[in-house]
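Undergrad: What follows is model-v5.csv; its format and atoms are CSV, C-alpha atoms.
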chain,number,residue,atom,x,y,z
F,1,MET,CA,157.3,-133.9,-66.8
F,2,HIS,CA,158.5,-134.0,-63.2
F,3,ILE,CA,158.8,-137.7,-62.6
F,4,PRO,CA,157.6,-138.4,-59.0
F,5,ASP,CA,159.1,-140.9,-56.5
F,6,GLY,CA,158.0,-144.4,-57.3
F,7,TYR,CA,157.6,-144.1,-61.0
F,8,LEU,CA,161.2,-145.0,-61.8
F,9,GLY,CA,162.8,-148.2,-60.5
F,10,PRO,CA,166.2,-148.3,-58.7
F,11,ALA,CA,168.0,-149.0,-62.0
F,12,ALA,CA,166.8,-145.8,-63.7
F,13,CYS,CA,167.2,-143.6,-60.6
F,14,GLY,CA,170.7,-144.8,-60.0
F,15,PHE,CA,171.6,-144.5,-63.7
F,16,PHE,CA,170.5,-140.9,-64.0
F,17,TYR,CA,172.1,-139.8,-60.8
F,18,ALA,CA,175.4,-141.4,-62.0
F,19,ALA,CA,174.9,-139.7,-65.4
F,20,MET,CA,174.3,-136.3,-63.8
F,21,LEU,CA,177.3,-136.3,-61.5
F,22,PRO,CA,180.0,-135.8,-64.2
F,23,ILE,CA,177.6,-133.3,-65.9
F,24,TRP,CA,177.2,-131.2,-62.8
F,25,THR,CA,181.0,-131.4,-62.2
F,26,ALA,CA,181.7,-130.3,-65.8
F,27,ALA,CA,179.1,-127.5,-65.5
F,28,ALA,CA,180.8,-126.2,-62.3
F,29,ARG,CA,184.2,-126.4,-63.9
F,30,ILE,CA,183.2,-124.7,-67.2
F,31,VAL,CA,181.0,-122.0,-65.6
F,32,LYS,CA,183.8,-121.2,-63.3
F,33,LYS,CA,185.9,-120.3,-66.4
F,34,THR,CA,183.2,-118.5,-68.3
F,35,LEU,CA,180.7,-116.8,-66.0
F,36,LYS,CA,181.5,-113.2,-65.3
F,37,ALA,CA,180.6,-111.6,-61.9
F,38,ARG,CA,178.1,-109.3,-63.5
F,39,GLN,CA,176.3,-112.3,-65.1
F,40,VAL,CA,175.5,-113.7,-61.6
F,41,PRO,CA,172.2,-111.8,-61.2
F,42,LEU,CA,171.1,-113.2,-64.6
F,43,LEU,CA,171.9,-116.7,-63.4
F,44,ALA,CA,169.6,-116.2,-60.5
F,45,ILE,CA,166.9,-114.6,-62.7
F,46,GLY,CA,167.2,-117.5,-65.1
F,47,ALA,CA,166.6,-120.0,-62.3
F,48,ALA,CA,163.7,-118.0,-60.8
F,49,PHE,CA,162.1,-117.6,-64.3
F,50,SER,CA,162.3,-121.3,-65.0
F,51,PHE,CA,160.8,-122.1,-61.6
F,52,VAL,CA,157.8,-119.7,-61.9
F,53,ILE,CA,157.1,-120.5,-65.6
F,54,MET,CA,156.8,-124.2,-64.5
F,55,MET,CA,154.0,-123.1,-62.1
F,56,PHE,CA,151.8,-122.1,-65.1
F,57,ASN,CA,150.1,-125.3,-65.7
F,58,VAL,CA,148.3,-125.4,-69.0
F,59,PRO,CA,145.3,-127.8,-69.3
F,60,ILE,CA,144.3,-130.2,-72.0
F,61,PRO,CA,140.5,-129.8,-71.4
F,62,GLY,CA,139.2,-132.9,-69.5
F,63,GLY,CA,142.7,-134.4,-69.7
F,64,SER,CA,146.1,-133.8,-68.2
F,65,THR,CA,148.2,-130.6,-67.7
F,66,GLY,CA,151.7,-129.6,-68.6
F,67,HIS,CA,153.9,-126.6,-68.7
F,68,ALA,CA,156.9,-124.9,-70.3
F,69,VAL,CA,160.3,-125.1,-68.5
F,70,GLY,CA,161.8,-121.7,-69.6
F,71,GLY,CA,165.2,-123.4,-69.8
F,72,VAL,CA,166.0,-122.7,-73.4
F,73,LEU,CA,165.9,-119.0,-72.6
F,74,ALA,CA,168.5,-119.4,-69.9
F,75,ALA,CA,170.6,-121.4,-72.3
F,76,ILE,CA,170.5,-118.7,-75.0
F,77,LEU,CA,171.4,-115.9,-72.5
F,78,LEU,CA,174.0,-117.7,-70.3
F,79,GLY,CA,175.1,-120.7,-72.3
F,80,PRO,CA,174.0,-124.3,-71.8
F,81,TRP,CA,176.3,-125.1,-68.9
F,82,ALA,CA,175.2,-122.2,-66.8
F,83,ALA,CA,171.6,-122.9,-67.8
F,84,CYS,CA,172.2,-126.5,-66.5
F,85,ILE,CA,173.1,-125.1,-63.1
F,86,ALA,CA,170.2,-122.7,-63.0
F,87,ILE,CA,167.6,-125.3,-63.9
F,88,THR,CA,169.1,-127.8,-61.5
F,89,VAL,CA,168.6,-125.3,-58.7
F,90,ALA,CA,165.0,-124.8,-59.7
F,91,LEU,CA,164.3,-128.6,-59.9
F,92,VAL,CA,166.0,-129.4,-56.6
F,93,VAL,CA,164.0,-126.7,-54.8
F,94,GLN,CA,160.8,-128.0,-56.5
F,95,ALA,CA,161.5,-131.5,-55.3
F,96,LEU,CA,162.5,-130.6,-51.7
F,97,LEU,CA,160.1,-127.9,-50.8
F,98,PHE,CA,157.1,-128.7,-52.9
F,99,GLY,CA,157.3,-132.4,-53.7
F,100,ASP,CA,157.2,-131.5,-57.4
F,101,GLY,CA,159.3,-134.3,-58.9
F,102,GLY,CA,160.7,-137.1,-56.7
F,103,ILE,CA,163.8,-137.1,-54.6
F,104,THR,CA,164.9,-140.4,-56.2
F,105,ALA,CA,164.1,-138.9,-59.7
F,106,ILE,CA,166.2,-135.8,-59.3
F,107,GLY,CA,168.9,-137.3,-61.5
F,108,ALA,CA,166.4,-138.2,-64.2
F,109,ASN,CA,164.5,-135.0,-64.1
F,110,CYS,CA,167.7,-133.0,-64.2
F,111,PHE,CA,169.0,-135.1,-67.1
F,112,ASN,CA,165.8,-134.3,-69.1
F,113,MET,CA,165.1,-130.7,-68.2
F,114,ALA,CA,168.5,-129.3,-66.9
F,115,PHE,CA,170.8,-131.1,-69.4
F,116,VAL,CA,169.2,-132.3,-72.6
F,117,LEU,CA,166.7,-129.4,-72.8
F,118,PRO,CA,169.1,-126.5,-72.6
F,119,PHE,CA,171.8,-128.2,-74.7
F,120,VAL,CA,169.4,-129.1,-77.5
F,121,GLY,CA,167.8,-125.7,-77.4
F,122,TYR,CA,171.1,-123.8,-77.3
F,123,TYR,CA,172.6,-125.5,-80.3
F,124,ILE,CA,169.5,-125.2,-82.4
F,125,TYR,CA,169.4,-121.5,-81.6
F,126,LYS,CA,173.1,-121.2,-82.4
F,127,ALA,CA,172.6,-122.9,-85.7
F,128,LEU,CA,169.5,-121.1,-86.8
F,129,SER,CA,170.7,-117.6,-85.7
F,130,HIS,CA,174.2,-118.0,-87.1
F,131,ASN,CA,175.3,-114.7,-88.6
F,132,ALA,CA,171.9,-113.1,-88.0
F,133,PRO,CA,172.1,-109.5,-86.7
F,134,VAL,CA,171.3,-109.1,-83.0
F,135,GLY,CA,168.0,-107.3,-83.8
F,136,SER,CA,166.8,-109.6,-86.5
F,137,LYS,CA,163.5,-111.5,-86.8
F,138,ARG,CA,165.5,-114.6,-87.5
F,139,ARG,CA,166.8,-114.6,-83.9
F,140,VAL,CA,163.3,-114.5,-82.5
F,141,LEU,CA,162.2,-117.3,-84.8
F,142,ALA,CA,165.4,-119.3,-83.9
F,143,ALA,CA,164.6,-118.9,-80.2
F,144,GLY,CA,161.0,-120.1,-80.7
F,145,VAL,CA,162.1,-123.2,-82.7
F,146,ALA,CA,164.8,-123.9,-80.1
F,147,GLY,CA,162.3,-123.7,-77.3
F,148,TYR,CA,159.8,-126.0,-79.1
F,149,ILE,CA,162.4,-128.7,-80.0
F,150,GLY,CA,164.2,-128.5,-76.7
F,151,LEU,CA,161.1,-129.1,-74.6
F,152,ASN,CA,159.9,-131.8,-77.0
F,153,VAL,CA,163.1,-133.8,-76.9
F,154,ALA,CA,163.1,-133.6,-73.1
F,155,ALA,CA,159.4,-134.8,-73.0
F,156,LEU,CA,160.2,-137.7,-75.4
F,157,LEU,CA,163.0,-138.8,-73.1
F,158,ALA,CA,160.7,-138.7,-70.1
F,159,GLY,CA,158.3,-140.8,-72.1
F,160,VAL,CA,161.0,-143.4,-72.8
F,161,GLU,CA,162.1,-143.4,-69.2
F,162,PHE,CA,158.5,-144.0,-68.0
F,163,GLY,CA,157.9,-146.6,-70.8
F,164,LEU,CA,161.0,-148.7,-69.9
F,165,GLN,CA,159.9,-149.3,-66.3
F,166,PRO,CA,157.4,-152.1,-66.9
F,167,LEU,CA,160.0,-153.9,-69.0
F,168,LEU,CA,162.7,-153.6,-66.4
F,169,HIS,CA,160.6,-154.3,-63.3
F,170,HIS,CA,157.5,-156.5,-63.1
F,171,THR,CA,156.1,-159.3,-61.0
F,172,ALA,CA,155.9,-162.9,-62.2
F,173,ASP,CA,152.2,-162.4,-63.1
F,174,GLY,CA,153.0,-159.3,-65.2
F,175,GLN,CA,152.1,-156.5,-62.9
F,176,ALA,CA,154.4,-153.5,-63.1
F,177,LEU,CA,156.4,-152.6,-60.0
F,178,TYR,CA,156.8,-148.9,-60.9
F,179,SER,CA,155.4,-146.8,-63.7
F,180,PRO,CA,152.8,-149.1,-65.3
F,181,TYR,CA,152.6,-148.0,-68.9
F,182,GLY,CA,154.9,-149.4,-71.6
F,183,LEU,CA,156.7,-147.5,-74.4
F,184,ASN,CA,153.7,-148.0,-76.7
F,185,ILE,CA,151.6,-145.8,-74.4
F,186,ALA,CA,154.1,-143.6,-72.5
F,187,VAL,CA,156.0,-142.3,-75.5
F,188,PRO,CA,153.0,-141.2,-77.6
F,189,ALA,CA,151.3,-139.7,-74.6
F,190,MET,CA,154.3,-137.6,-73.5
F,191,ALA,CA,155.5,-136.8,-77.0
F,192,GLY,CA,152.0,-136.1,-78.3
F,193,GLU,CA,150.9,-133.6,-75.7
F,194,HIS,CA,154.1,-131.7,-75.8
F,195,LEU,CA,154.2,-131.6,-79.6
F,196,LEU,CA,150.6,-130.4,-79.7
F,197,ILE,CA,150.4,-128.0,-76.8
F,198,PHE,CA,153.1,-127.5,-74.3
F,199,GLY,CA,156.0,-127.2,-76.8
F,200,TRP,CA,154.3,-124.1,-78.3
F,201,ILE,CA,154.2,-122.4,-74.9
F,202,GLU,CA,158.0,-122.9,-74.5
F,203,ALA,CA,158.4,-121.6,-78.1
F,204,ILE,CA,156.2,-118.5,-77.5
F,205,VAL,CA,157.7,-117.6,-74.1
F,206,THR,CA,161.3,-118.0,-75.4
F,207,ALA,CA,160.7,-116.0,-78.6
F,208,LEU,CA,158.8,-113.2,-76.7
F,209,VAL,CA,161.6,-112.7,-74.2
F,210,ILE,CA,164.2,-112.6,-76.9
F,211,LYS,CA,162.2,-110.0,-78.8
F,212,PHE,CA,161.9,-108.0,-75.6
F,213,LEU,CA,165.6,-108.2,-75.0
F,214,GLN,CA,166.4,-107.1,-78.6
F,215,LYS,CA,164.8,-103.8,-77.8
F,216,GLN,CA,165.8,-103.5,-74.1
F,217,ALA,CA,169.2,-105.1,-73.7
F,218,PRO,CA,170.6,-106.2,-77.1
F,219,GLU,CA,174.1,-106.6,-75.4
F,220,LEU,CA,172.7,-109.7,-73.6
F,221,LEU,CA,172.3,-111.4,-77.0
F,222,LYS,CA,175.8,-110.7,-78.1
F,223,GLU,CA,177.6,-112.3,-75.1
F,224,GLY,CA,177.1,-114.9,-72.5
F,225,ARG,CA,178.8,-117.7,-74.4
F,226,GLY,CA,179.4,-120.8,-72.4
I,1,MET,CA,166.3,-98.5,-65.6
I,2,LYS,CA,168.8,-101.4,-65.6
I,3,ILE,CA,167.7,-104.5,-67.5
I,4,THR,CA,168.0,-106.7,-64.4
I,5,THR,CA,165.6,-104.4,-62.6
I,6,LYS,CA,163.1,-104.8,-65.5
I,7,LEU,CA,163.5,-108.5,-65.4
I,8,TRP,CA,162.9,-108.6,-61.6
I,9,ILE,CA,159.7,-106.6,-62.2
I,10,GLY,CA,158.7,-109.1,-64.9
I,11,LEU,CA,159.3,-111.9,-62.4
I,12,SER,CA,157.1,-110.2,-59.8
I,13,VAL,CA,154.3,-109.9,-62.4
I,14,LEU,CA,154.6,-113.6,-63.2
I,15,ILE,CA,154.4,-114.4,-59.4
I,16,ALA,CA,151.2,-112.3,-59.1
I,17,LEU,CA,149.7,-114.1,-62.2
I,18,SER,CA,150.9,-117.6,-61.1
I,19,PRO,CA,147.4,-118.7,-59.7
I,20,LEU,CA,146.3,-118.8,-63.4
I,21,GLY,CA,148.4,-122.0,-63.5
I,22,LEU,CA,146.0,-123.4,-60.9
I,23,LEU,CA,142.7,-121.8,-61.9
I,24,ILE,CA,142.7,-122.4,-65.7
I,25,PRO,CA,143.4,-126.2,-65.4
I,26,GLU,CA,140.7,-126.3,-62.7
I,27,HIS,CA,138.2,-124.5,-65.0
I,28,PHE,CA,138.8,-127.0,-67.8
I,29,LYS,CA,138.6,-129.9,-65.4
I,30,ALA,CA,142.1,-131.1,-66.3
I,31,GLY,CA,143.8,-133.6,-63.9
I,32,ALA,CA,147.4,-134.3,-63.0
I,33,ALA,CA,150.2,-134.2,-65.5
I,34,TRP,CA,150.8,-137.5,-67.4
I,35,GLY,CA,152.8,-139.8,-65.1
I,36,GLU,CA,152.3,-137.7,-62.0
I,37,TRP,CA,149.2,-139.4,-60.7
I,38,GLY,CA,148.4,-140.0,-57.0
I,39,MET,CA,147.7,-143.5,-55.7
I,40,ASP,CA,143.9,-143.3,-56.1
I,41,GLU,CA,144.2,-142.1,-59.7
I,42,ILE,CA,146.7,-144.8,-60.7
I,43,LYS,CA,144.4,-147.5,-59.2
I,44,LYS,CA,141.5,-146.1,-61.3
I,45,LEU,CA,143.7,-146.0,-64.4
I,46,VAL,CA,145.4,-149.5,-64.3
I,47,GLY,CA,143.3,-151.4,-61.8
I,48,TYR,CA,146.1,-151.8,-59.2
I,49,VAL,CA,148.8,-149.9,-57.5
I,50,PRO,CA,152.2,-151.1,-58.5
I,51,LYS,CA,154.0,-152.4,-55.4
I,52,GLY,CA,157.3,-150.6,-55.8
I,53,LEU,CA,155.5,-147.4,-56.6
I,54,GLU,CA,153.3,-147.7,-53.5
I,55,LYS,CA,156.4,-148.1,-51.3
I,56,LEU,CA,158.5,-145.3,-52.9
I,57,ALA,CA,155.9,-142.7,-53.5
I,58,PRO,CA,155.6,-141.5,-49.8
I,59,LEU,CA,159.4,-141.3,-49.4
I,60,TRP,CA,159.6,-137.5,-49.1
I,61,ASN,CA,157.4,-135.3,-47.0
I,62,ALA,CA,157.6,-131.9,-48.7
I,63,PRO,CA,156.9,-128.9,-46.4
I,64,ILE,CA,154.5,-127.3,-48.9
I,65,PRO,CA,153.2,-130.3,-51.0
I,66,ASP,CA,152.0,-129.3,-54.5
I,67,TYR,CA,152.3,-125.6,-53.6
I,68,ALA,CA,149.5,-125.8,-51.1
I,69,PHE,CA,149.6,-125.6,-47.3
I,70,LYS,CA,149.1,-128.7,-45.2
I,71,GLY,CA,145.7,-128.7,-43.5
I,72,TRP,CA,144.2,-126.5,-46.2
I,73,GLU,CA,142.7,-129.5,-48.0
I,74,GLY,CA,139.2,-128.8,-49.0
I,75,LYS,CA,139.6,-125.0,-48.8
I,76,GLY,CA,138.4,-122.9,-51.7
I,77,LEU,CA,140.2,-121.7,-54.8
I,78,SER,CA,140.9,-118.3,-53.3
I,79,HIS,CA,142.8,-119.9,-50.4
I,80,LEU,CA,144.7,-122.2,-52.8
I,81,SER,CA,145.6,-119.2,-55.0
I,82,PHE,CA,146.9,-117.4,-52.0
I,83,ALA,CA,149.0,-120.5,-51.0
I,84,TYR,CA,150.2,-120.7,-54.7
I,85,ILE,CA,151.5,-117.1,-54.6
I,86,ILE,CA,153.2,-117.6,-51.2
I,87,SER,CA,154.8,-120.8,-52.6
I,88,ALA,CA,156.1,-118.9,-55.7
I,89,VAL,CA,157.6,-116.2,-53.4
I,90,ALA,CA,159.1,-118.7,-51.0
I,91,GLY,CA,160.5,-120.9,-53.9
I,92,ILE,CA,162.0,-117.9,-55.7
I,93,ALA,CA,163.5,-116.6,-52.5
I,94,VAL,CA,165.3,-119.9,-51.9
I,95,ILE,CA,166.2,-120.3,-55.6
I,96,VAL,CA,167.6,-116.8,-56.0
I,97,SER,CA,169.7,-117.1,-52.7
I,98,ALA,CA,171.1,-120.5,-53.9
I,99,ALA,CA,171.8,-119.3,-57.4
I,100,LEU,CA,173.5,-116.1,-56.2
I,101,LEU,CA,175.6,-118.1,-53.8
I,102,ILE,CA,176.6,-120.6,-56.4
I,103,GLY,CA,177.2,-117.8,-58.9
I,104,LYS,CA,179.4,-115.9,-56.4
I,105,LEU,CA,181.5,-119.0,-55.7
I,106,LEU,CA,182.0,-119.8,-59.4
I,107,ALA,CA,182.1,-116.4,-61.2
I,108,LYS,CA,185.3,-114.6,-62.1
I,109,LYS,CA,186.1,-111.4,-60.2
I,110,GLY,CA,186.1,-108.1,-62.1
I,111,LYS,CA,184.3,-107.7,-65.4
Please express what this file holds, its structure, as structure tokens.

TA:
Amino acid sequence: MHIPDGYLGPAACGFFYAAMLPIWTAAARIVKKTLKARQVPLLAIGAAFSFVIMMFNVPIPGGSTGHAVGGVLAAILLGPWAACIAITVALVVQALLFGDGGITAIGANCFNMAFVLPFVGYYIYKALSHNAPVGSKRRVLAAGVAGYIGLNVAALLAGVEFGLQPLLHHTADGQALYSPYGLNIAVPAMAGEHLLIFGWIEAIVTALVIKFLQKQAPELLKEGRG
Amino acid sequence: MKITTKLWIGLSVLIALSPLGLLIPEHFKAGAAWGEWGMDEIKKLVGYVPKGLEKLAPLWNAPIPDYAFKGWEGKGLSHLSFAYIISAVAGIAVIVSAALLIGKLLAKKGK
């Protein structure tokens, strides 16, 4: 769901950059208060993990591809604001170095994957794992559900953003100027493939790493509130 | 072993396995992600190339476009896999440096 240059018109590009500015500012302010020096390597690992997990494209045979984002994991371990910074770093490098996601769409892509995804995932995990012991199965399950829903809400948003373009920008004879498919096609396509396939990858990846950390570093699951 | 060391090792394994993200979609003949089509594909799909899209799409010239080296178009999958791994290493090097710098600037001193 890395929206490329040219798929969003100027209205959406500007809107999401404007929306992200106060979010990035708040993230910097809040992380400054909460991030401990010894958590800094984890911030870098979270960003790197998100980047590399997005390289694992998963096919729908004969159709399109998609991938997990790994962002809900960062949110569980570091809190949603630090996760926002980590995923933003990954998305900006993807856009600048690899042309994966457009320069004009960095605001929108960050809104979907670096803001909505970690926040939705974080609060679902918090709610479902409330009062559960650090080593409990409920935490693993909560992480999986949080990953699944976090990725799906982000994909749904991307679908809406794609789908609004032909309504916002079209020529007199009805040709789209930017992304050509309306809500009736873009939303079911984006939501459907993530509900059916890619969401499960995010769920499994998130749950497996939490299960690994329960055994190897349970202290990481007790702290890192943000 | 420290947990961060274990996680770095985990990341290295993921980098080594990353070409799977290229080879498996290739094997199943899967195309681009939804909404990330090139100009030719979009023309095939909707019958025309939207004018604004055509103008904006080439806006940025990425140094390693789509995790493949420029001038390697038409090379085999082994070359593309190699470029994919180098891209993963380069991307992670830049991301880790940036995140460590931002973390250093923001984090509280001491514990």

Undergrad: Return the neighbours of chain F among the residues of chain I, cut-off 6 Å, counting all atoms listed in the file, as a compact mmCIF listing (two decimals) with C-alpha atoms, keeping the file's coordinate frame.

TA:
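This is the output file iface01.txt:
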# COMPACT_ATOMS: atom_id res chain seq x y z
CA GLY I 21 148.40 -122.00 -63.50
CA PRO I 25 143.40 -126.20 -65.40
CA PHE I 28 138.80 -127.00 -67.80
CA LYS I 29 138.60 -129.90 -65.40
CA ALA I 30 142.10 -131.10 -66.30
CA GLY I 31 143.80 -133.60 -63.90
CA ALA I 32 147.40 -134.30 -63.00
CA ALA I 33 150.20 -134.20 -65.50
CA PRO I 50 152.20 -151.10 -58.50
CA LYS I 51 154.00 -152.40 -55.40
CA GLY I 52 157.30 -150.60 -55.80
CA LEU I 53 155.50 -147.40 -56.60
CA LEU I 56 158.50 -145.30 -52.90
CA ALA I 57 155.90 -142.70 -53.50
CA ALA I 62 157.60 -131.90 -48.70
CA PRO I 63 156.90 -128.90 -46.40
CA ILE I 64 154.50 -127.30 -48.90
CA PRO I 65 153.20 -130.30 -51.00
CA ASP I 66 152.00 -129.30 -54.50
CA TYR I 67 152.30 -125.60 -53.60
CA ILE I 92 162.00 -117.90 -55.70
CA VAL I 96 167.60 -116.80 -56.00
CA ALA I 99 171.80 -119.30 -57.40
CA LEU I 100 173.50 -116.10 -56.20
CA GLY I 103 177.20 -117.80 -58.90
CA LEU I 106 182.00 -119.80 -59.40
CA ALA I 107 182.10 -116.40 -61.20
CA LYS I 108 185.30 -114.60 -62.10
CA LYS I 109 186.10 -111.40 -60.20

Undergrad: Provide the atom CA of Trp81 of chain F to atom CA of Leu164 of chain F distance in Å, to one decimal place.

TA: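 Going from atom CA of Trp81 of chain F over to atom CA of Leu164 of chain F, I get 28.1 Å.
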
Undergrad: Provide the atom CA of Ala90 of chain I to atom CA of Ser12 of chain I distance in Å, to one decimal place.

TA: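 Separation of atom CA of Ala90 of chain I and atom CA of Ser12 of chain I: 12.4 Å.
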
Undergrad: Just the number, please: distance in Å from atom CA of Val205 of chain F to atom CA of Leu117 of chain F, one decimal.

TA: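 Going from atom CA of Val205 of chain F over to atom CA of Leu117 of chain F, I get 14.9 Å.
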
Undergrad: Residues near segment 140-147 of chain F, anyone? I mean within 10 Å using only C-alpha atoms, not counting same-chain ones fewer than 6 positions away, as JSON, numbers by chain.

TA: {"F": [68, 69, 70, 71, 72, 73, 75, 76, 117, 118, 119, 120, 121, 122, 123, 124, 125, 126, 127, 128, 129, 130, 132, 134, 199, 200, 201, 202, 203, 204, 205, 206, 207, 208, 209, 210, 211, 212, 214]}

Undergrad: Measuring between only C-alpha atoms, which one of F:Ile197, F:Cys13, F:Val116, F:Ala191 shows the shortest distance to Ala155 of chain F?

TA: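 Using only C-alpha atoms, Ala155 of chain F sits closest to F:Ala191.
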